[in-house]
$ cat my_file-v2.csv   # CSV, C-alpha atoms
chain,number,residue,atom,x,y,z
G,496,MET,CA,-16.9,68.3,-6.4
G,497,LYS,CA,-13.4,67.1,-7.2
G,498,THR,CA,-13.0,65.9,-3.6
G,499,PHE,CA,-16.3,64.0,-3.8
G,500,ASN,CA,-15.3,62.3,-7.1
G,501,CYS,CA,-11.9,61.4,-5.6
G,502,THR,CA,-13.5,59.9,-2.5
G,503,LEU,CA,-16.0,57.9,-4.6
G,504,THR,CA,-13.2,56.5,-6.7
G,505,ILE,CA,-11.3,55.4,-3.6
G,506,VAL,CA,-14.3,53.7,-2.1
G,507,LEU,CA,-15.1,51.9,-5.4
G,508,LEU,CA,-11.5,50.7,-5.6
G,509,ILE,CA,-11.6,49.4,-2.1
G,510,LEU,CA,-14.8,47.5,-2.7
G,511,ALA,CA,-13.4,46.0,-5.9
G,512,LEU,CA,-10.3,44.8,-4.1
G,513,THR,CA,-12.4,43.4,-1.2
G,514,SER,CA,-14.7,41.5,-3.6
G,515,SER,CA,-11.7,40.1,-5.5
G,516,ALA,CA,-10.1,38.9,-2.3
G,517,GLN,CA,-13.3,37.3,-1.1
G,518,GLU,CA,-13.6,35.4,-4.4
G,519,LYS,CA,-10.1,34.1,-4.1
G,520,GLU,CA,-10.7,33.1,-0.5
G,521,GLN,CA,-13.9,31.2,-1.5
G,522,LYS,CA,-11.9,29.2,-4.2
G,523,LYS,CA,-9.5,27.9,-1.5
G,524,LEU,CA,-10.3,24.6,0.2
G,525,PRO,CA,-11.0,25.2,3.9
G,526,LYS,CA,-8.1,24.2,6.1
G,527,ARG,CA,-8.5,21.6,8.8
G,528,THR,CA,-8.1,23.8,11.9
G,529,ASP,CA,-9.4,21.3,14.4
G,530,ASN,CA,-8.3,17.8,15.5
G,531,TYR,CA,-11.3,15.7,14.4
G,532,ILE,CA,-10.9,12.1,13.3
G,533,HIS,CA,-11.1,11.9,9.5
G,534,MET,CA,-11.6,8.2,9.6
G,535,PRO,CA,-12.9,7.3,13.1
G,536,GLY,CA,-12.2,3.7,14.0
G,537,LEU,CA,-10.1,0.7,12.8
G,538,ARG,CA,-10.2,-0.1,9.1
G,539,LEU,CA,-9.7,-3.8,8.2
G,540,GLY,CA,-9.0,-5.0,4.7
G,541,ILE,CA,-8.4,-8.1,2.6
G,542,ASP,CA,-6.4,-8.0,-0.6
G,543,ILE,CA,-8.6,-9.8,-3.2
G,544,SER,CA,-5.8,-9.7,-5.8
G,545,ARG,CA,-3.5,-12.1,-3.9
G,546,PRO,CA,-5.4,-15.3,-5.0
G,547,LEU,CA,-5.3,-14.2,-8.6
G,548,GLN,CA,-1.6,-13.5,-9.0
G,549,ASP,CA,-0.9,-16.4,-11.3
G,550,LEU,CA,-2.8,-14.5,-14.0
G,551,TRP,CA,0.0,-12.0,-14.4
G,552,THR,CA,3.1,-13.7,-12.8
G,553,LYS,CA,5.2,-16.7,-13.9
G,554,GLY,CA,4.2,-19.9,-12.0
G,555,ASN,CA,1.2,-20.8,-9.9
G,556,ARG,CA,1.4,-18.0,-7.3
G,557,TYR,CA,-1.4,-17.3,-4.8
G,558,GLY,CA,-1.8,-16.2,-1.2
G,559,THR,CA,-3.8,-14.3,1.3
G,560,GLU,CA,-3.2,-10.8,2.9
G,561,PHE,CA,-5.0,-8.9,5.6
G,562,SER,CA,-4.5,-5.3,6.6
G,563,GLY,CA,-5.4,-2.8,9.3
G,564,ASP,CA,-5.0,0.9,9.6
G,565,ILE,CA,-5.9,3.6,12.0
G,566,GLU,CA,-5.5,7.4,12.1
G,567,ILE,CA,-3.1,8.6,14.7
G,568,ARG,CA,-3.4,12.2,13.7
G,569,PRO,CA,-5.2,14.1,10.9
G,570,ASN,CA,-4.2,12.5,7.6
G,571,LEU,CA,-1.6,10.2,9.1
G,572,TYR,CA,-2.2,6.5,9.5
G,573,THR,CA,-0.3,3.6,10.9
G,574,VAL,CA,-0.6,0.4,8.8
G,575,THR,CA,-0.1,-3.3,9.5
G,576,GLU,CA,-0.2,-5.9,6.7
G,577,VAL,CA,0.2,-9.6,7.3
G,578,GLY,CA,0.0,-12.4,4.7
G,579,TRP,CA,1.0,-15.8,3.4
G,580,GLU,CA,2.1,-16.7,-0.2
G,581,GLN,CA,3.1,-19.8,-2.1
G,582,LEU,CA,4.6,-20.4,-5.5
G,583,LYS,CA,4.5,-23.7,-7.4
G,584,MET,CA,6.4,-24.0,-10.6
G,585,GLN,CA,6.6,-27.3,-12.4
G,586,HIS,CA,7.7,-28.2,-15.9
G,587,ASP,CA,10.1,-30.5,-17.7
G,588,PHE,CA,13.2,-28.9,-16.2
G,589,VAL,CA,12.3,-28.1,-12.6
G,590,ASP,CA,9.8,-28.8,-9.8
G,591,TYR,CA,9.9,-25.9,-7.4
G,592,ARG,CA,7.9,-25.0,-4.3
G,593,GLY,CA,8.3,-21.9,-2.2
G,594,SER,CA,6.0,-20.6,0.6
G,595,GLY,CA,6.1,-18.4,3.7
G,596,SER,CA,4.5,-15.6,5.7
G,597,TYR,CA,5.4,-12.0,6.2
G,598,ILE,CA,4.4,-8.8,8.0
G,599,ARG,CA,4.7,-5.2,6.9
G,600,LEU,CA,4.6,-2.2,9.3
G,601,GLY,CA,4.4,1.4,8.1
G,602,VAL,CA,2.6,4.6,7.7
G,603,ASP,CA,0.3,6.3,5.1
G,604,TYR,CA,-0.2,10.0,4.6
G,605,ASN,CA,-3.4,11.3,3.0
G,606,LEU,CA,-2.7,13.8,0.2
G,607,LEU,CA,-6.3,15.0,-0.3
G,608,ALA,CA,-7.8,18.1,1.4
G,609,SER,CA,-11.0,17.5,3.3
G,610,GLU,CA,-13.9,19.9,2.9
G,611,SER,CA,-15.9,18.3,5.7
G,612,LYS,CA,-15.7,15.7,8.4
G,613,ASN,CA,-17.9,13.3,6.4
G,614,GLU,CA,-15.4,12.8,3.6
G,615,ARG,CA,-13.7,9.4,3.7
G,616,ASP,CA,-11.9,9.2,0.3
G,617,MET,CA,-8.1,9.4,0.3
G,618,LEU,CA,-5.1,9.4,-2.0
G,619,TYR,CA,-2.1,8.4,0.0
G,620,ALA,CA,1.6,7.9,-0.1
G,621,GLY,CA,3.2,5.4,2.3
G,622,PHE,CA,6.2,3.6,3.5
G,623,ARG,CA,6.6,0.0,4.7
G,624,TYR,CA,9.2,-2.1,6.4
G,625,ALA,CA,8.7,-5.8,5.8
G,626,PHE,CA,10.0,-9.0,7.4
G,627,GLY,CA,9.3,-12.5,6.1
G,628,LEU,CA,10.0,-16.2,7.1
G,629,ALA,CA,9.9,-18.7,4.2
G,630,SER,CA,11.2,-21.9,2.8
G,631,GLN,CA,11.8,-23.4,-0.6
G,632,THR,CA,12.2,-26.9,-2.0
G,633,VAL,CA,13.4,-28.2,-5.3
G,634,ASN,CA,11.8,-31.6,-5.7
G,635,GLY,CA,13.6,-32.2,-8.9
G,636,TYR,CA,15.6,-30.5,-11.7
G,637,LEU,CA,17.0,-31.5,-15.0
G,638,LEU,CA,20.0,-29.9,-16.7
G,639,ASP,CA,20.7,-30.5,-20.4
G,640,SER,CA,24.3,-30.0,-21.3
G,641,TYR,CA,26.9,-31.1,-23.8
G,642,TRP,CA,28.1,-33.8,-21.4
G,643,GLY,CA,24.6,-35.2,-20.9
G,644,ASP,CA,21.7,-34.7,-18.7
G,645,THR,CA,22.1,-34.0,-15.0
G,646,ASN,CA,19.2,-34.3,-12.5
G,647,GLY,CA,18.7,-34.2,-8.8
G,648,SER,CA,16.9,-32.4,-6.0
G,649,PHE,CA,17.4,-30.1,-3.0
G,650,GLU,CA,15.9,-30.5,0.4
G,651,LYS,CA,13.8,-27.9,2.2
G,652,GLN,CA,15.7,-24.6,2.8
G,653,ASN,CA,14.5,-22.0,5.4
G,654,PHE,CA,15.4,-18.4,5.1
G,655,ASN,CA,14.3,-14.9,6.2
G,656,SER,CA,14.1,-11.6,4.4
G,657,HIS,CA,13.9,-7.9,5.1
G,658,TRP,CA,12.8,-5.3,2.6
G,659,VAL,CA,11.2,-1.8,2.3
G,660,GLU,CA,8.4,-0.6,0.1
G,661,LEU,CA,7.2,2.8,-1.3
G,662,VAL,CA,3.5,2.9,-1.8
G,663,LEU,CA,1.0,5.1,-3.7
G,664,GLY,CA,-2.7,4.2,-3.4
G,665,LEU,CA,-6.3,5.3,-3.4
G,666,LYS,CA,-9.1,4.3,-1.0
G,667,GLY,CA,-12.7,5.3,-1.7
G,668,GLU,CA,-15.9,4.8,0.4
G,669,MET,CA,-18.4,2.9,-1.7
G,670,LEU,CA,-21.0,2.5,1.1
G,671,ARG,CA,-21.0,3.7,4.6
G,672,ASN,CA,-17.9,2.2,6.3
G,673,PHE,CA,-17.2,0.0,3.2
G,674,TYR,CA,-14.2,0.9,1.0
G,675,MET,CA,-12.4,-0.3,-2.1
G,676,GLY,CA,-8.9,0.7,-3.1
G,677,TRP,CA,-5.7,-0.1,-5.0
G,678,SER,CA,-2.0,0.5,-4.5
G,679,VAL,CA,1.1,0.3,-6.6
G,680,ARG,CA,4.4,-0.5,-4.8
G,681,ALA,CA,8.1,-0.4,-5.4
G,682,LYS,CA,10.0,-2.9,-3.3
G,683,PHE,CA,13.7,-2.9,-2.4
G,684,MET,CA,15.4,-5.9,-0.8
G,685,VAL,CA,17.5,-5.0,2.2
G,686,ALA,CA,18.8,-8.3,3.5
G,687,GLN,CA,18.1,-12.0,2.8
G,688,LYS,CA,19.7,-15.3,3.7
G,689,GLU,CA,21.3,-16.8,0.7
G,690,PHE,CA,22.4,-20.3,-0.3
G,691,GLU,CA,25.2,-21.3,-2.6
G,692,VAL,CA,22.9,-23.8,-4.5
G,693,PRO,CA,20.2,-23.1,-5.3
G,694,SER,CA,19.8,-19.4,-4.8
G,695,VAL,CA,16.5,-18.1,-3.4
G,696,TYR,CA,14.1,-17.8,-6.3
G,697,PHE,CA,10.9,-16.6,-4.6
G,698,THR,CA,10.3,-14.4,-1.5
G,699,PRO,CA,6.7,-14.4,-0.2
G,700,GLY,CA,5.3,-10.9,0.0
G,701,TYR,CA,8.1,-9.6,-2.2
G,702,GLY,CA,8.1,-11.6,-5.4
G,703,LYS,CA,10.9,-12.9,-7.5
G,704,SER,CA,14.2,-12.6,-5.5
G,705,GLU,CA,16.3,-10.4,-7.8
G,706,LYS,CA,18.5,-7.5,-7.3
G,707,GLY,CA,16.9,-4.1,-8.2
G,708,VAL,CA,13.3,-3.0,-7.8
G,709,ALA,CA,10.3,-5.3,-7.6
G,710,LEU,CA,7.0,-3.8,-8.6
G,711,ASP,CA,3.6,-5.0,-7.3
G,712,PHE,CA,-0.1,-4.1,-7.5
G,713,THR,CA,-2.8,-4.7,-4.9
G,714,TYR,CA,-6.6,-4.3,-4.9
G,715,SER,CA,-8.4,-4.6,-1.6
G,716,ILE,CA,-11.8,-4.2,0.1
G,717,TYR,CA,-12.1,-2.7,3.6
G,718,TYR,CA,-14.6,-2.3,6.4
G,719,THR,CA,-14.2,0.3,9.2
G,720,LEU,CA,-15.1,-0.7,12.7
G,721,PRO,CA,-16.4,2.7,13.8
G,722,PHE,CA,-15.5,4.0,17.3
G,723,LYS,CA,-14.2,7.2,18.7
G,724,PHE,CA,-10.9,6.8,20.6
G,725,ARG,CA,-10.0,10.5,20.8
G,726,LYS,CA,-12.1,13.5,21.8
G,727,GLU,CA,-12.4,16.2,19.1
G,728,SER,CA,-10.8,19.5,20.0
G,729,LEU,CA,-13.2,22.3,20.7
G,730,LYS,CA,-12.6,25.9,19.6
$ encode --input "my_file-v2.csv" --output "structure tokens"
Amino acid sequence: MKTFNCTLTIVLLILALTSSAQEKEQKKLPKRTDNYIHMPGLRLGIDISRPLQDLWTKGNRYGTEFSGDIEIRPNLYTVTEVGWEQLKMQHDFVDYRGSGSYIRLGVDYNLLASESKNERDMLYAGFRYAFGLASQTVNGYLLDSYWGDTNGSFEKQNFNSHWVELVLGLKGEMLRNFYMGWSVRAKFMVAQKEFEVPSVYFTPGYGKSEKGVALDFTYSIYYTLPFKFRKESLK
């Protein structure tokens, strides 16, 4: 009888441990063990916040930016962003114009686990290298000093810039193949052509040309051109 009770206790203990392990396993998100395309196709986007930047920046700043990203492996995307920006600043002391185009190349990595192949939402961290070609013109300036007023102007100056960006963003599928999303960016200037007078004030795609970190925010809408460019792996 004692032997039977001991055996029954061991069996019940094994069943309890097995049930607990199964519950823990069910709570875990299923791992992606295959090589399916999480976002099949090319996703194209337009930043709808660029034309509205003058609402939160100094001066009349506006522009246009387009983007494209494609998944090269599960959760990893290559990204290209191209744009054009202009800043007009005019008041009693200066009449400034700056404009130019830029391109950013980089990658995004999706941080969200996928429970199924149909999920399209992603929280991502990314990196960009950017290059820009721009120009600036000071049509007129006025300096008020003890010795009297000084005024003048500066002709058009062309310059190029290089910088890098760290990106954190979110993209969510609103309708089939239609997305909306935002990103916050920290930008670090690497190299830029400088002039003795005047110094570069505005860099298209980067912002105000100052030492340190430039912060930016984007809000975009996207559409995915669906196509399969890679076969799914079969178990």
$ residues_around --input "my_file-v2.csv" --residues "G:Tyr597" --least-positions-apart "4" --cutoff "7 Å" --atoms "only C-alpha atoms" --output "MDAnalysis selection string"
chainID G and resid 577:579 626:628 699:700
$ residues_around --input "my_file-v2.csv" --residues "G:Asn672" --least-positions-apart "6" --cutoff "12 Å" --atoms "only C-alpha atoms" --output "PyMOL selection string"
chain G and resi 534-540+613-616+666+716-722
$ atom_distance --input "my_file-v2.csv" --atom1 "atom CA of G:Leu710" --atom2 "atom CA of G:Phe697"
14.0 Å
$ closest_residue --input "my_file-v2.csv" --among "G:Val708, G:Ala608, G:Leu600, G:Met584" --to "G:Tyr624" --atoms "all atoms listed in the file"
G:Leu600
$ closest_residue --input "my_file-v2.csv" --among "G:Thr698, G:Ser544, G:Ser562, G:Thr552" --to "G:Glu580" --atoms "only C-alpha atoms"
G:Thr698
$ atom_distance --input "my_file-v2.csv" --atom1 "atom CA of G:Thr713" --atom2 "atom CA of G:Gly621"
13.8 Å
$ residues_around --input "my_file-v2.csv" --residues "G:Gln548" --least-positions-apart "5" --cutoff "9 Å" --atoms "all atoms listed in the file" --output "ChimeraX atom specification"
/G:553,555-558
$ atom_distance --input "my_file-v2.csv" --atom1 "atom CA of G:His586" --atom2 "atom CA of G:Phe683"
29.3 Å
$ residues_around --input "my_file-v2.csv" --residues "G:Ser715" --least-positions-apart "6" --cutoff "7 Å" --atoms "all atoms listed in the file" --output "JSON, numbers by chain"
{"G": [540, 541, 542, 543, 675, 676, 677]}
$ closest_residue --input "my_file-v2.csv" --among "G:Phe588, G:Tyr572, G:Phe654, G:Tyr696" --to "G:Ala620" --atoms "all atoms listed in the file"
G:Tyr572
$ residues_around --input "my_file-v2.csv" --residues "G:Gln585" --least-positions-apart "4" --cutoff "9 Å" --atoms "only C-alpha atoms" --output "list in words"
Gly554, Asn555, Val589, Asp590, Tyr591 and Arg592 of chain G
$ closest_residue --input "my_file-v2.csv" --among "G:Glu560, G:Glu566, G:Asp711, G:Glu691" --to "G:Glu660" --atoms "only C-alpha atoms"
G:Asp711
$ decode --input "my_file-v2.csv" --residues "stretch 581-595 of chain G" --atoms "all heavy atoms" --output "PDB file, in the first residue's frame"
ATOM      1  N   GLN G 581      13.451  74.065 -47.702  1.00  0.00           N
ATOM      2  CA  GLN G 581      13.782  75.477 -47.853  1.00  0.00           C
ATOM      3  C   GLN G 581      13.424  76.224 -46.569  1.00  0.00           C
ATOM      4  O   GLN G 581      12.430  75.916 -45.912  1.00  0.00           O
ATOM      5  CB  GLN G 581      13.033  76.097 -49.030  1.00  0.00           C
ATOM      6  CG  GLN G 581      13.278  77.598 -49.197  1.00  0.00           C
ATOM      7  CD  GLN G 581      12.726  78.131 -50.493  1.00  0.00           C
ATOM      8  OE1 GLN G 581      13.194  77.780 -51.571  1.00  0.00           O
ATOM      9  NE2 GLN G 581      11.714  78.980 -50.409  1.00  0.00           N
ATOM     10  N   LEU G 582      14.244  77.191 -46.231  1.00  0.00           N
ATOM     11  CA  LEU G 582      13.981  78.054 -45.088  1.00  0.00           C
ATOM     12  C   LEU G 582      14.057  79.506 -45.534  1.00  0.00           C
ATOM     13  O   LEU G 582      15.048  79.931 -46.133  1.00  0.00           O
ATOM     14  CB  LEU G 582      15.000  77.812 -43.970  1.00  0.00           C
ATOM     15  CG  LEU G 582      14.895  78.756 -42.769  1.00  0.00           C
ATOM     16  CD1 LEU G 582      13.618  78.472 -41.979  1.00  0.00           C
ATOM     17  CD2 LEU G 582      16.112  78.646 -41.857  1.00  0.00           C
ATOM     18  N   LYS G 583      12.997  80.258 -45.259  1.00  0.00           N
ATOM     19  CA  LYS G 583      12.972  81.697 -45.516  1.00  0.00           C
ATOM     20  C   LYS G 583      12.812  82.410 -44.177  1.00  0.00           C
ATOM     21  O   LYS G 583      11.916  82.095 -43.401  1.00  0.00           O
ATOM     22  CB  LYS G 583      11.803  82.072 -46.431  1.00  0.00           C
ATOM     23  CG  LYS G 583      11.902  81.513 -47.834  1.00  0.00           C
ATOM     24  CD  LYS G 583      10.711  81.961 -48.673  1.00  0.00           C
ATOM     25  CE  LYS G 583      10.785  81.418 -50.088  1.00  0.00           C
ATOM     26  NZ  LYS G 583       9.615  81.868 -50.900  1.00  0.00           N
ATOM     27  N   MET G 584      13.696  83.360 -43.931  1.00  0.00           N
ATOM     28  CA  MET G 584      13.624  84.110 -42.686  1.00  0.00           C
ATOM     29  C   MET G 584      13.840  85.588 -43.006  1.00  0.00           C
ATOM     30  O   MET G 584      14.914  85.986 -43.481  1.00  0.00           O
ATOM     31  CB  MET G 584      14.684  83.615 -41.698  1.00  0.00           C
ATOM     32  CG  MET G 584      14.549  84.179 -40.305  1.00  0.00           C
ATOM     33  SD  MET G 584      15.567  83.290 -39.111  1.00  0.00           S
ATOM     34  CE  MET G 584      17.194  83.486 -39.854  1.00  0.00           C
ATOM     35  N   GLN G 585      12.821  86.374 -42.761  1.00  0.00           N
ATOM     36  CA  GLN G 585      12.884  87.785 -43.115  1.00  0.00           C
ATOM     37  C   GLN G 585      12.287  88.633 -41.995  1.00  0.00           C
ATOM     38  O   GLN G 585      11.148  88.423 -41.577  1.00  0.00           O
ATOM     39  CB  GLN G 585      12.120  88.044 -44.423  1.00  0.00           C
ATOM     40  CG  GLN G 585      12.236  89.475 -44.930  1.00  0.00           C
ATOM     41  CD  GLN G 585      11.573  89.649 -46.290  1.00  0.00           C
ATOM     42  OE1 GLN G 585      10.863  88.761 -46.761  1.00  0.00           O
ATOM     43  NE2 GLN G 585      11.812  90.785 -46.928  1.00  0.00           N
ATOM     44  N   HIS G 586      13.090  89.569 -41.486  1.00  0.00           N
ATOM     45  CA  HIS G 586      12.596  90.552 -40.529  1.00  0.00           C
ATOM     46  C   HIS G 586      13.458  91.806 -40.660  1.00  0.00           C
ATOM     47  O   HIS G 586      14.178  91.980 -41.657  1.00  0.00           O
ATOM     48  CB  HIS G 586      12.573  90.006 -39.098  1.00  0.00           C
ATOM     49  CG  HIS G 586      13.843  89.344 -38.660  1.00  0.00           C
ATOM     50  ND1 HIS G 586      15.023  90.027 -38.463  1.00  0.00           N
ATOM     51  CD2 HIS G 586      14.103  88.043 -38.384  1.00  0.00           C
ATOM     52  CE1 HIS G 586      15.948  89.183 -38.058  1.00  0.00           C
ATOM     53  NE2 HIS G 586      15.419  87.972 -38.016  1.00  0.00           N
ATOM     54  N   ASP G 587      13.415  92.671 -39.688  1.00  0.00           N
ATOM     55  CA  ASP G 587      14.086  93.970 -39.821  1.00  0.00           C
ATOM     56  C   ASP G 587      15.600  93.863 -39.920  1.00  0.00           C
ATOM     57  O   ASP G 587      16.249  94.761 -40.464  1.00  0.00           O
ATOM     58  CB  ASP G 587      13.724  94.859 -38.623  1.00  0.00           C
ATOM     59  CG  ASP G 587      12.250  95.200 -38.597  1.00  0.00           C
ATOM     60  OD1 ASP G 587      11.616  95.118 -39.673  1.00  0.00           O
ATOM     61  OD2 ASP G 587      11.725  95.530 -37.510  1.00  0.00           O
ATOM     62  N   PHE G 588      16.178  92.784 -39.419  1.00  0.00           N
ATOM     63  CA  PHE G 588      17.636  92.701 -39.338  1.00  0.00           C
ATOM     64  C   PHE G 588      18.268  91.772 -40.372  1.00  0.00           C
ATOM     65  O   PHE G 588      19.464  91.841 -40.620  1.00  0.00           O
ATOM     66  CB  PHE G 588      18.052  92.250 -37.933  1.00  0.00           C
ATOM     67  CG  PHE G 588      17.623  93.202 -36.863  1.00  0.00           C
ATOM     68  CD1 PHE G 588      16.473  92.959 -36.135  1.00  0.00           C
ATOM     69  CD2 PHE G 588      18.354  94.354 -36.610  1.00  0.00           C
ATOM     70  CE1 PHE G 588      16.066  93.841 -35.145  1.00  0.00           C
ATOM     71  CE2 PHE G 588      17.948  95.243 -35.622  1.00  0.00           C
ATOM     72  CZ  PHE G 588      16.798  94.996 -34.894  1.00  0.00           C
ATOM     73  N   VAL G 589      17.492  90.861 -40.976  1.00  0.00           N
ATOM     74  CA  VAL G 589      18.088  89.938 -41.937  1.00  0.00           C
ATOM     75  C   VAL G 589      17.026  89.409 -42.891  1.00  0.00           C
ATOM     76  O   VAL G 589      15.856  89.249 -42.524  1.00  0.00           O
ATOM     77  CB  VAL G 589      18.782  88.756 -41.199  1.00  0.00           C
ATOM     78  CG1 VAL G 589      17.751  87.884 -40.499  1.00  0.00           C
ATOM     79  CG2 VAL G 589      19.618  87.920 -42.160  1.00  0.00           C
ATOM     80  N   ASP G 590      17.466  89.170 -44.117  1.00  0.00           N
ATOM     81  CA  ASP G 590      16.640  88.515 -45.134  1.00  0.00           C
ATOM     82  C   ASP G 590      17.449  87.317 -45.624  1.00  0.00           C
ATOM     83  O   ASP G 590      18.383  87.463 -46.415  1.00  0.00           O
ATOM     84  CB  ASP G 590      16.325  89.481 -46.268  1.00  0.00           C
ATOM     85  CG  ASP G 590      15.441  88.843 -47.346  1.00  0.00           C
ATOM     86  OD1 ASP G 590      15.085  87.655 -47.197  1.00  0.00           O
ATOM     87  OD2 ASP G 590      15.133  89.533 -48.334  1.00  0.00           O
ATOM     88  N   TYR G 591      17.095  86.121 -45.120  1.00  0.00           N
ATOM     89  CA  TYR G 591      17.893  84.908 -45.355  1.00  0.00           C
ATOM     90  C   TYR G 591      17.090  83.896 -46.154  1.00  0.00           C
ATOM     91  O   TYR G 591      15.888  83.735 -45.946  1.00  0.00           O
ATOM     92  CB  TYR G 591      18.307  84.294 -44.015  1.00  0.00           C
ATOM     93  CG  TYR G 591      19.047  82.973 -44.134  1.00  0.00           C
ATOM     94  CD1 TYR G 591      20.426  82.940 -44.291  1.00  0.00           C
ATOM     95  CD2 TYR G 591      18.356  81.754 -44.080  1.00  0.00           C
ATOM     96  CE1 TYR G 591      21.101  81.734 -44.395  1.00  0.00           C
ATOM     97  CE2 TYR G 591      19.023  80.553 -44.185  1.00  0.00           C
ATOM     98  CZ  TYR G 591      20.392  80.547 -44.345  1.00  0.00           C
ATOM     99  OH  TYR G 591      21.059  79.355 -44.450  1.00  0.00           O
ATOM    100  N   ARG G 592      17.780  83.200 -47.088  1.00  0.00           N
ATOM    101  CA  ARG G 592      17.195  82.113 -47.864  1.00  0.00           C
ATOM    102  C   ARG G 592      18.174  80.941 -47.880  1.00  0.00           C
ATOM    103  O   ARG G 592      19.360  81.107 -48.184  1.00  0.00           O
ATOM    104  CB  ARG G 592      16.913  82.541 -49.319  1.00  0.00           C
ATOM    105  CG  ARG G 592      15.938  83.698 -49.460  1.00  0.00           C
ATOM    106  CD  ARG G 592      14.521  83.269 -49.155  1.00  0.00           C
ATOM    107  NE  ARG G 592      13.559  84.314 -49.479  1.00  0.00           N
ATOM    108  CZ  ARG G 592      13.234  85.298 -48.665  1.00  0.00           C
ATOM    109  NH1 ARG G 592      13.809  85.385 -47.474  1.00  0.00           N
ATOM    110  NH2 ARG G 592      12.334  86.210 -49.011  1.00  0.00           N
ATOM    111  N   GLY G 593      17.670  79.768 -47.550  1.00  0.00           N
ATOM    112  CA  GLY G 593      18.472  78.558 -47.615  1.00  0.00           C
ATOM    113  C   GLY G 593      17.654  77.414 -48.169  1.00  0.00           C
ATOM    114  O   GLY G 593      16.486  77.239 -47.788  1.00  0.00           O
ATOM    115  N   SER G 594      18.214  76.608 -49.075  1.00  0.00           N
ATOM    116  CA  SER G 594      17.466  75.496 -49.659  1.00  0.00           C
ATOM    117  C   SER G 594      18.430  74.438 -50.168  1.00  0.00           C
ATOM    118  O   SER G 594      19.620  74.697 -50.377  1.00  0.00           O
ATOM    119  CB  SER G 594      16.565  75.977 -50.801  1.00  0.00           C
ATOM    120  OG  SER G 594      17.343  76.501 -51.861  1.00  0.00           O
ATOM    121  N   GLY G 595      17.896  73.234 -50.377  1.00  0.00           N
ATOM    122  CA  GLY G 595      18.729  72.171 -50.916  1.00  0.00           C
ATOM    123  C   GLY G 595      18.042  70.820 -50.826  1.00  0.00           C
ATOM    124  O   GLY G 595      16.933  70.686 -50.318  1.00  0.00           O
TER     125      GLY G 595
END
